>>> print(open('entry.cif').read())   # mmCIF, C-alpha atoms
data_data
#
loop_
_atom_site.label_atom_id
_atom_site.label_comp_id
_atom_site.auth_asym_id
_atom_site.auth_seq_id
_atom_site.Cartn_x
_atom_site.Cartn_y
_atom_site.Cartn_z
CA MET A 143 18.53 -68.35 -25.26
CA ARG A 144 20.97 -67.50 -22.44
CA LEU A 145 18.21 -65.58 -20.60
CA LYS A 146 15.89 -68.59 -20.88
CA ASN A 147 18.57 -70.84 -19.40
CA VAL A 148 19.08 -68.45 -16.49
CA ARG A 149 15.35 -68.33 -15.81
CA ARG A 150 15.11 -72.13 -16.04
CA ARG A 151 17.96 -72.56 -13.53
CA LEU A 152 16.44 -69.98 -11.19
CA LEU A 153 13.04 -71.72 -11.24
CA LEU A 154 14.72 -75.09 -10.67
CA SER A 155 16.66 -73.71 -7.71
CA ILE A 156 13.56 -72.19 -6.16
CA SER A 157 11.58 -75.39 -6.70
CA THR A 158 14.35 -77.45 -5.11
CA PHE A 159 14.45 -75.38 -1.96
CA LEU A 160 10.66 -75.35 -1.69
CA VAL A 161 10.67 -79.14 -1.85
CA ILE A 162 13.32 -79.28 0.88
CA PHE A 163 11.33 -76.86 2.99
CA LEU A 164 8.11 -78.88 2.68
CA LEU A 165 9.90 -82.12 3.45
CA CYS A 166 11.45 -80.52 6.52
CA LEU A 167 7.98 -79.66 7.77
CA ILE A 168 6.47 -83.07 7.06
CA LEU A 169 9.22 -85.48 7.99
CA PRO A 170 10.77 -85.70 11.48
CA LYS A 171 14.43 -85.26 12.24
CA GLY A 172 16.55 -88.08 13.56
CA ALA A 173 15.53 -89.22 17.00
CA ASN A 174 18.89 -88.25 18.41
CA ALA A 175 19.21 -84.88 16.72
CA ASP A 176 19.20 -83.03 20.03
CA SER A 177 21.64 -85.37 21.72
CA ALA A 178 24.79 -83.92 23.20
CA ASP A 179 26.75 -86.71 21.48
CA ASN A 180 27.95 -85.20 18.20
CA SER A 181 28.70 -88.63 16.78
CA LEU A 182 24.96 -89.13 16.35
CA ILE A 183 24.55 -86.16 14.02
CA PRO A 184 25.49 -88.00 10.75
CA GLN A 185 22.72 -90.54 11.44
CA ASN A 186 20.25 -88.02 10.02
CA ASN A 187 20.73 -89.66 6.60
CA PHE A 188 17.55 -88.41 5.01
CA TYR A 189 18.64 -84.80 4.85
CA VAL A 190 22.17 -85.71 3.82
CA ASN A 191 20.83 -87.67 0.84
CA ILE A 192 18.53 -84.85 -0.21
CA ILE A 193 21.37 -82.32 -0.16
CA SER A 194 23.65 -84.74 -1.99
CA ASN A 195 21.08 -85.21 -4.75
CA THR A 196 20.13 -81.55 -5.12
CA LEU A 197 23.54 -79.93 -4.76
CA ALA A 198 25.70 -81.68 -7.31
CA SER A 199 28.78 -79.73 -6.32
CA ILE A 200 28.82 -81.42 -2.91
CA ALA A 201 28.89 -85.21 -2.65
CA PHE A 202 28.11 -86.17 0.93
CA THR A 203 29.38 -89.38 2.40
CA ASN A 204 27.24 -91.21 4.89
CA LYS A 205 29.62 -92.38 7.62
CA THR A 206 27.70 -93.31 10.70
CA ASN A 207 30.86 -94.11 12.63
CA GLN A 208 32.71 -90.91 11.78
CA ASP A 209 32.35 -87.64 13.69
CA SER A 210 30.93 -84.94 11.40
CA SER A 211 33.66 -82.54 12.47
CA GLY A 212 36.18 -84.86 10.87
CA ASP A 213 34.47 -84.75 7.50
CA ILE A 214 35.74 -81.86 5.43
CA LYS A 215 32.37 -81.56 3.72
CA TYR A 216 30.53 -81.04 6.99
CA THR A 217 33.22 -78.60 8.06
CA ALA A 218 32.90 -76.64 4.85
CA LEU A 219 29.14 -76.34 5.25
CA SER A 220 29.50 -75.32 8.89
CA PHE A 221 31.90 -72.60 7.82
CA LEU A 222 29.20 -71.33 5.45
CA GLY A 223 26.67 -71.30 8.28
CA ILE A 224 24.74 -74.35 7.09
CA ASP A 225 23.76 -77.02 9.59
CA ILE A 226 22.66 -80.24 7.86
CA THR A 227 20.77 -81.29 10.98
CA ASN A 228 18.67 -78.17 10.49
CA PRO A 229 17.78 -77.82 6.79
CA ILE A 230 16.03 -74.53 7.51
CA SER A 231 19.52 -73.06 7.80
CA ILE A 232 19.95 -73.78 4.09
CA LEU A 233 16.81 -71.86 3.28
CA THR A 234 17.90 -68.90 5.37
CA LYS A 235 21.06 -68.70 3.29
CA GLN A 236 18.97 -68.54 0.12
CA ILE A 237 15.92 -66.60 1.36
CA ALA A 238 16.87 -63.81 3.76
CA TYR A 239 13.30 -63.37 5.01
CA PHE A 240 13.56 -66.65 6.94
CA ASP A 241 16.59 -65.46 8.86
CA ASN A 242 15.26 -64.01 12.12
CA ASN A 243 18.66 -63.47 13.70
CA ASN A 244 18.66 -59.80 12.83
CA GLY A 245 15.23 -59.34 14.36
CA ASN A 246 15.82 -60.71 17.84
CA THR A 247 15.14 -58.28 20.61
CA ASP A 248 15.87 -58.47 24.29
CA VAL A 249 12.57 -58.12 26.10
CA VAL A 250 12.47 -57.60 29.84
CA ILE A 251 9.21 -58.63 31.44
CA ASP A 252 8.24 -57.01 34.71
CA ASN A 253 5.32 -58.78 36.32
CA GLU A 254 5.12 -56.04 38.94
CA SER A 255 4.87 -58.61 41.71
CA ASN A 256 7.07 -61.47 40.58
CA GLY A 257 10.16 -59.47 39.69
CA VAL A 258 11.95 -59.10 36.37
CA GLU A 259 12.51 -61.81 33.80
CA LYS A 260 14.57 -61.45 30.63
CA ARG A 261 13.39 -63.19 27.47
CA LYS A 262 14.04 -63.13 23.75
CA ALA A 263 11.39 -62.02 21.28
CA SER A 264 11.72 -62.20 17.52
CA VAL A 265 10.85 -59.10 15.51
CA LEU A 266 10.61 -59.18 11.73
CA ASN A 267 12.29 -56.15 10.24
CA PRO A 268 10.99 -55.25 6.77
CA PHE A 269 12.76 -51.90 6.86
CA LYS A 270 15.23 -51.35 4.02
CA LEU A 271 17.62 -48.56 3.08
CA ASP A 272 19.97 -47.81 0.24
CA ASP A 273 23.55 -48.90 0.86
CA ASN A 274 24.71 -45.30 1.27
CA GLN A 275 22.16 -44.76 4.04
CA VAL A 276 23.06 -47.76 6.16
CA SER A 277 25.28 -47.05 9.14
CA LYS A 278 28.89 -48.16 9.31
CA SER A 279 31.04 -48.83 12.33
CA GLU A 280 34.49 -47.38 12.90
CA GLY A 281 35.75 -48.95 16.08
CA SER A 282 33.36 -47.95 18.86
CA ASN A 283 31.95 -45.09 16.80
CA VAL A 284 29.00 -45.62 14.45
CA ILE A 285 28.96 -43.46 11.31
CA SER A 286 25.49 -42.85 9.92
CA ALA A 287 23.63 -40.20 7.97
CA LEU A 288 21.61 -38.07 10.38
CA TYR A 289 19.10 -36.87 7.79
CA ASN A 290 17.20 -38.30 4.87
CA PRO A 291 16.03 -35.40 2.65
CA LYS A 292 13.77 -37.76 0.68
CA LEU A 293 11.47 -37.89 3.70
CA LYS A 294 10.69 -34.17 3.81
CA GLN A 295 7.06 -33.22 3.25
CA THR A 296 5.13 -29.97 3.37
CA LEU A 297 4.54 -28.83 6.93
CA ASN A 298 0.88 -28.47 7.88
CA ASN A 299 0.50 -27.02 11.36
CA ALA A 300 -3.28 -27.26 11.10
CA LYS A 301 -2.96 -31.04 11.25
CA PRO A 302 -0.30 -32.04 13.80
CA ARG A 303 0.85 -35.61 13.30
CA VAL A 304 2.96 -36.14 16.43
CA LEU A 305 2.10 -35.39 20.04
CA ILE A 306 4.86 -35.36 22.65
CA TYR A 307 3.99 -35.05 26.33
CA HIS A 308 5.57 -36.03 29.63
CA SER A 309 3.90 -37.84 32.52
CA HIS A 310 7.11 -37.13 34.49
CA ALA A 311 8.23 -33.87 32.92
CA THR A 312 10.79 -32.98 35.60
CA GLU A 313 12.89 -36.13 35.14
CA SER A 314 16.30 -34.54 34.61
CA TYR A 315 19.85 -35.21 33.46
CA LEU A 316 23.31 -34.16 34.59
CA THR A 317 24.54 -30.85 33.27
CA SER A 318 27.94 -32.40 32.43
CA ASP A 319 30.10 -35.43 33.16
CA ASN A 320 31.51 -33.52 36.13
CA ASP A 321 28.09 -32.87 37.63
CA LYS A 322 28.03 -34.65 41.01
CA SER A 323 24.57 -33.51 42.05
CA LYS A 324 22.10 -36.09 43.30
CA ASN A 325 19.04 -34.29 41.95
CA THR A 326 17.10 -36.50 39.58
CA PHE A 327 14.22 -34.05 39.11
CA ASN A 328 14.52 -30.48 37.91
CA MET A 329 11.86 -27.95 36.98
CA ASP A 330 14.31 -26.19 34.64
CA LEU A 331 13.02 -27.28 31.23
CA ARG A 332 16.53 -26.92 29.78
CA LYS A 333 17.82 -29.71 32.01
CA ASN A 334 14.99 -32.23 32.05
CA VAL A 335 13.32 -34.53 29.57
CA CYS A 336 11.40 -31.61 28.05
CA ALA A 337 14.68 -30.50 26.44
CA VAL A 338 14.75 -33.76 24.48
CA GLY A 339 11.18 -33.21 23.37
CA ASP A 340 12.16 -29.75 22.12
CA VAL A 341 14.88 -31.26 19.95
CA ILE A 342 12.55 -33.87 18.46
CA GLU A 343 9.91 -31.22 17.74
CA TYR A 344 12.44 -28.94 16.04
CA GLU A 345 14.01 -31.70 13.93
CA LEU A 346 10.69 -33.18 12.77
CA GLU A 347 9.24 -29.86 11.71
CA LYS A 348 12.36 -28.38 10.13
CA ASN A 349 13.78 -31.41 8.34
CA TYR A 350 10.75 -33.59 7.65
CA GLY A 351 7.69 -31.34 7.53
CA ILE A 352 5.98 -33.23 10.37
CA ALA A 353 3.90 -30.93 12.56
CA VAL A 354 4.36 -31.57 16.29
CA ILE A 355 2.59 -30.58 19.48
CA HIS A 356 4.93 -30.63 22.45
CA ASP A 357 3.09 -30.33 25.75
CA LYS A 358 5.32 -29.45 28.72
CA THR A 359 2.78 -29.67 31.51
CA LEU A 360 4.48 -30.77 34.75
CA HIS A 361 2.10 -33.61 35.54
CA ASN A 362 4.28 -35.09 38.28
CA ILE A 363 4.40 -31.93 40.40
CA GLY A 364 2.18 -32.16 43.48
CA ASP A 365 0.68 -35.62 43.67
CA TYR A 366 3.37 -37.70 41.95
CA ASN A 367 1.30 -40.89 42.18
CA ALA A 368 -1.40 -39.23 40.09
CA SER A 369 1.00 -38.36 37.27
CA TYR A 370 -0.49 -40.76 34.73
CA MET A 371 -4.03 -39.81 35.65
CA LYS A 372 -3.22 -36.13 35.06
CA SER A 373 -1.29 -36.78 31.83
CA GLY A 374 -4.23 -38.91 30.66
CA VAL A 375 -6.49 -35.87 31.01
CA THR A 376 -4.06 -33.84 28.90
CA LEU A 377 -3.95 -36.58 26.27
CA ASP A 378 -7.77 -36.76 26.16
CA LYS A 379 -7.88 -33.01 25.55
CA TYR A 380 -5.65 -33.24 22.48
CA LEU A 381 -7.42 -36.31 21.13
CA LYS A 382 -10.74 -34.50 21.39
CA GLU A 383 -9.37 -31.41 19.64
CA PHE A 384 -7.33 -33.01 16.85
CA GLY A 385 -8.52 -36.58 16.65
CA ASP A 386 -5.86 -39.27 16.68
CA PHE A 387 -2.19 -38.64 15.88
CA ASP A 388 0.19 -40.67 13.74
CA LEU A 389 2.40 -41.01 16.81
CA ILE A 390 1.89 -40.15 20.48
CA ILE A 391 4.99 -40.19 22.68
CA ASP A 392 5.04 -40.07 26.46
CA LEU A 393 8.72 -39.09 26.74
CA HIS A 394 10.65 -40.10 29.87
CA ARG A 395 14.15 -40.86 31.07
CA ASP A 396 14.97 -43.92 33.16
CA GLY A 397 15.76 -43.64 36.86
CA VAL A 398 18.66 -45.66 38.28
CA PRO A 399 20.94 -45.48 41.34
CA SER A 400 23.85 -43.07 40.98
CA SER A 401 26.24 -46.04 41.18
CA PHE A 402 24.89 -47.36 37.87
CA LYS A 403 26.66 -46.44 34.66
CA ASN A 404 24.93 -44.17 32.21
CA THR A 405 23.71 -45.85 29.06
CA LYS A 406 25.44 -44.21 26.14
CA THR A 407 27.15 -44.95 22.86
CA LYS A 408 28.97 -42.91 20.23
CA ILE A 409 27.43 -42.10 16.86
CA ASN A 410 29.07 -39.77 14.34
CA GLY A 411 31.63 -38.86 16.98
CA LYS A 412 29.05 -37.68 19.52
CA GLU A 413 28.05 -39.36 22.74
CA VAL A 414 24.35 -40.22 22.73
CA ALA A 415 22.11 -41.63 25.44
CA LYS A 416 20.52 -44.96 24.63
CA PHE A 417 16.75 -45.30 24.60
CA THR A 418 14.15 -47.97 25.24
CA PHE A 419 10.38 -48.55 25.01
CA ALA A 420 7.88 -49.41 27.73
CA VAL A 421 4.75 -51.30 26.68
CA THR A 422 1.72 -52.66 28.56
CA GLN A 423 0.59 -55.94 27.04
CA LYS A 424 -2.85 -56.11 28.67
CA ASN A 425 -4.06 -52.83 27.28
CA PRO A 426 -6.66 -53.39 24.52
CA ARG A 427 -4.48 -51.77 21.85
CA TYR A 428 -1.35 -53.81 22.54
CA ALA A 429 -1.34 -55.81 19.28
CA LYS A 430 -1.12 -52.72 17.06
CA GLN A 431 1.30 -50.98 19.39
CA LYS A 432 3.56 -54.03 19.31
CA LYS A 433 3.79 -53.76 15.52
CA LEU A 434 4.57 -50.06 15.77
CA VAL A 435 7.29 -50.55 18.38
CA SER A 436 8.78 -53.50 16.49
CA SER A 437 8.97 -51.41 13.33
CA MET A 438 10.70 -48.54 15.11
CA ILE A 439 13.13 -50.98 16.71
CA GLY A 440 13.99 -52.34 13.27
CA ILE A 441 14.57 -48.83 11.92
CA SER A 442 16.78 -47.93 14.88
CA LYS A 443 18.91 -51.06 14.50
CA THR A 444 19.41 -50.43 10.80
CA LEU A 445 20.20 -46.73 11.06
CA PHE A 446 21.92 -46.42 14.42
CA PRO A 447 23.27 -49.71 15.83
CA GLY A 448 23.81 -49.44 19.58
CA LEU A 449 21.35 -46.58 20.08
CA LEU A 450 18.79 -48.93 21.62
CA ASP A 451 19.40 -50.00 25.18
CA SER A 452 20.23 -53.71 25.54
CA ARG A 453 16.75 -54.40 26.95
CA GLU A 454 15.03 -52.55 24.09
CA VAL A 455 11.55 -53.06 25.54
CA TRP A 456 10.19 -52.98 29.07
CA LEU A 457 7.10 -55.18 28.76
CA TYR A 458 4.66 -54.63 31.62
CA ASP A 459 1.42 -56.34 32.48
CA LYS A 460 -0.78 -53.29 33.09
CA GLY A 461 1.62 -50.69 34.38
CA ILE A 462 -0.05 -47.65 35.90
CA ARG A 463 -3.34 -47.01 34.09
CA PHE A 464 -1.78 -48.79 31.07
CA TYR A 465 0.52 -45.71 30.88
CA ASN A 466 -2.39 -44.26 28.86
CA GLN A 467 -1.57 -46.62 25.99
CA ASN A 468 -5.22 -47.71 25.94
CA LYS A 469 -6.18 -44.34 24.44
CA SER A 470 -4.61 -44.70 20.98
CA ASP A 471 -3.16 -47.40 18.74
CA ASN A 472 -0.22 -45.09 18.12
CA ALA A 473 0.72 -44.36 21.73
CA VAL A 474 4.21 -45.30 22.90
CA LEU A 475 6.33 -44.61 25.97
CA ILE A 476 9.99 -43.89 25.25
CA GLU A 477 12.73 -43.52 27.85
CA VAL A 478 15.85 -41.64 26.72
CA GLY A 479 18.90 -42.39 28.84
CA ASN A 480 18.86 -42.26 32.63
CA ASN A 481 19.67 -39.77 35.39
CA ASN A 482 23.39 -40.53 34.99
CA ASN A 483 23.42 -39.29 31.39
CA THR A 484 24.13 -35.67 30.57
CA VAL A 485 21.46 -33.49 29.02
CA GLU A 486 23.70 -33.09 25.96
CA GLN A 487 23.82 -36.85 25.44
CA ALA A 488 20.03 -37.02 25.71
CA LYS A 489 19.51 -34.15 23.27
CA ASN A 490 21.87 -35.82 20.79
CA SER A 491 19.62 -38.85 21.00
CA GLY A 492 16.65 -36.62 20.23
CA VAL A 493 18.19 -35.82 16.84
CA LEU A 494 18.50 -39.52 16.03
CA LEU A 495 15.03 -40.32 17.33
CA SER A 496 13.57 -37.70 15.00
CA ARG A 497 15.11 -39.52 12.03
CA ILE A 498 13.67 -42.83 13.25
CA ILE A 499 10.23 -41.24 13.66
CA ALA A 500 10.43 -39.64 10.21
CA GLU A 501 11.32 -42.98 8.62
CA GLN A 502 8.37 -44.57 10.42
CA LEU A 503 5.85 -41.92 9.41
CA ASN A 504 7.07 -40.69 6.02
CA GLY A 505 9.22 -43.54 4.79
CA LYS A 506 6.42 -46.07 4.50
CA ASN A 507 4.24 -44.09 2.09
#
>>> encode(input="entry.cif", output="structure tokens")
Amino acid sequence: MRLKNVRRRLLLSISTFLVIFLLCLILPKGANADSADNSLIPQNNFYVNIISNTLASIAFTNKTNQDSSGDIKYTALSFLGIDITNPISILTKQIAYFDNNNGNTDVVIDNESNGVEKRKASVLNPFKLDDNQVSKSEGSNVISALYNPKLKQTLNNAKPRVLIYHSHATESYLTSDNDKSKNTFNMDLRKNVCAVGDVIEYELEKNYGIAVIHDKTLHNIGDYNASYMKSGVTLDKYLKEFGDFDLIIDLHRDGVPSSFKNTKTKINGKEVAKFTFAVTQKNPRYAKQKKLVSSMIGISKTLFPGLLDSREVWLYDKGIRFYNQNKSDNAVLIEVGNNNNTVEQAKNSGVLLSRIIAEQLNGKN
């Protein structure tokens, strides 16, 4: 009998909020809801009456001449994050899926001729982890599990799932925080972005059973402007030999003036370079790539808060030859840190990126 009562109350609660939701869609808000004059807020009587009738524990008073901030009931609801002028806020408290606040990403749009514009884009994040896998923050240091043994599968080198290559393979990092050199390109594979690719390859194969091809061709040597054309030829070669991959990464590092600060954070006591994505929205595969990038962003935010750069995504119109993202639905361009980061910081990020990739590829099965 007690179980039946609980079910009956649950169904009643769900029905009530569905009714509120439908009414919110059909009926308009008060004409002055967006006014800067807060004294007009209580005039939205319709919603107040609905809440008063459905939530017996709260008896609202309709005082058109009283500022809502002076009413303890409005104050109490505000403290709980509920805005009676926006009934959707009530639903978001009851149904977490409607709360997009955790999925907002900073998107920087570069129109290549009109400069840079910063916008907000909402990304739904369906990614979930057990409580003991979610990161925790201790001051400025994030504590998170580096590995998830549940993701490990049997390695099959005959069928590589991830391809890593570099259109600008010689993009390099500082050797240490005391390195004052101005060189931003280095053919030493231990000091450039290839070193990060090595870490990702090692981590994916050893800890998650994901076979990786890491191509270290120096496409930007010689005719730098033809880098993406040359890397596109390399990509075509692998696509012809193996078919498509589960994930194709053109791995870069950002280039900034030496006066700029490096982009880093601290996770598990280690300094790590932040990373970001670059996407071309006019390439014919953009829609599927957007879903892939959004999913990886959600995983990164859940596992390693602060690892993503504040921009998160560079969204370009066409870029250079679409950055070869027109060749596969699973092609992404990732930039790890910038030339003011140390190679150690970038390699530490490679460890974290491998976990994100493993969650994306093995955690959704």
>>> atom_distance(input="entry.cif", atom1="atom CA of Asn325 of chain A", atom2="atom CA of Asn410 of chain A")
29.9 Å
>>> residues_around(input="entry.cif", residues="Lys408 of chain A", least_positions_apart="4", cutoff="12 Å", atoms="all atoms listed in the file", output="compact mmCIF listing (two decimals) with C-alpha atoms, in the frame of the given file")
# COMPACT_ATOMS: atom_id res chain seq x y z
CA SER A 279 31.04 -48.83 12.33
CA GLU A 280 34.49 -47.38 12.90
CA GLY A 281 35.75 -48.95 16.08
CA SER A 282 33.36 -47.95 18.86
CA ASN A 283 31.95 -45.09 16.80
CA VAL A 284 29.00 -45.62 14.45
CA ILE A 285 28.96 -43.46 11.31
CA SER A 286 25.49 -42.85 9.92
CA LYS A 412 29.05 -37.68 19.52
CA GLU A 413 28.05 -39.36 22.74
CA VAL A 414 24.35 -40.22 22.73
CA ALA A 415 22.11 -41.63 25.44
CA LYS A 416 20.52 -44.96 24.63
CA PHE A 446 21.92 -46.42 14.42
CA PRO A 447 23.27 -49.71 15.83
CA GLY A 448 23.81 -49.44 19.58
CA LEU A 449 21.35 -46.58 20.08
CA LEU A 450 18.79 -48.93 21.62
CA GLN A 487 23.82 -36.85 25.44
CA ASN A 490 21.87 -35.82 20.79
CA SER A 491 19.62 -38.85 21.00
CA LEU A 494 18.50 -39.52 16.03
>>> resolve_selection(input="entry.cif", expression="the PyMOL selection byres ((chain A and resi 336) around 10)", output="count of residues only")
29
>>> residues_around(input="entry.cif", residues="Val421 of chain A", least_positions_apart="4", cutoff="9 Å", atoms="all atoms listed in the file", output="ChimeraX atom specification")
/A:425,428,431-432,435,455-461,464-465,467,474-475
>>> atom_distance(input="entry.cif", atom1="atom CA of Gly374 of chain A", atom2="atom CA of Asn466 of chain A")
5.9 Å
>>> closest_residue(input="entry.cif", among="A:Arg497, A:Asp321, A:Leu316, A:Gln423", to="Arg395 of chain A", atoms="all atoms listed in the file")
A:Leu316
>>> decode(input="entry.cif", residues="segment 358-369 of chain A", atoms="N, CA, C and O atoms", output="CSV table (one decimal), in the first residue's frame")
chain,number,residue,atom,x,y,z
A,358,LYS,N,54.2,10.9,-38.2
A,358,LYS,CA,55.1,12.0,-37.8
A,358,LYS,C,55.7,12.7,-38.9
A,358,LYS,O,56.7,13.4,-38.8
A,359,THR,N,55.1,12.6,-40.1
A,359,THR,CA,55.6,13.3,-41.3
A,359,THR,C,55.6,14.8,-41.0
A,359,THR,O,54.6,15.4,-40.5
A,360,LEU,N,56.7,15.5,-41.4
A,360,LEU,CA,56.8,16.9,-41.2
A,360,LEU,C,56.2,17.7,-42.4
A,360,LEU,O,56.9,18.2,-43.2
A,361,HIS,N,54.9,17.8,-42.4
A,361,HIS,CA,54.2,18.3,-43.5
A,361,HIS,C,54.5,19.8,-43.7
A,361,HIS,O,54.4,20.4,-44.8
A,362,ASN,N,54.9,20.5,-42.7
A,362,ASN,CA,55.1,22.0,-42.8
A,362,ASN,C,56.5,22.4,-43.1
A,362,ASN,O,56.8,23.5,-43.2
A,363,ILE,N,57.4,21.4,-43.3
A,363,ILE,CA,58.8,21.7,-43.8
A,363,ILE,C,58.8,21.9,-45.3
A,363,ILE,O,58.1,21.2,-46.0
A,364,GLY,N,59.5,23.0,-45.7
A,364,GLY,CA,59.5,23.3,-47.1
A,364,GLY,C,58.4,24.4,-47.4
A,364,GLY,O,58.5,25.5,-46.9
A,365,ASP,N,57.4,24.0,-48.1
A,365,ASP,CA,56.3,25.0,-48.4
A,365,ASP,C,55.3,24.9,-47.3
A,365,ASP,O,54.4,24.1,-47.2
A,366,TYR,N,55.5,25.9,-46.3
A,366,TYR,CA,54.6,25.9,-45.1
A,366,TYR,C,53.1,26.1,-45.5
A,366,TYR,O,52.2,25.5,-45.0
A,367,ASN,N,52.9,26.9,-46.5
A,367,ASN,CA,51.5,27.2,-47.0
A,367,ASN,C,50.8,26.0,-47.5
A,367,ASN,O,49.6,26.0,-47.7
A,368,ALA,N,51.6,25.0,-47.9
A,368,ALA,CA,51.0,23.8,-48.5
A,368,ALA,C,50.8,22.7,-47.4
A,368,ALA,O,50.6,21.5,-47.8
A,369,SER,N,51.0,23.0,-46.2
A,369,SER,CA,51.0,22.0,-45.1
A,369,SER,C,49.7,21.2,-45.1
A,369,SER,O,49.8,19.9,-45.0
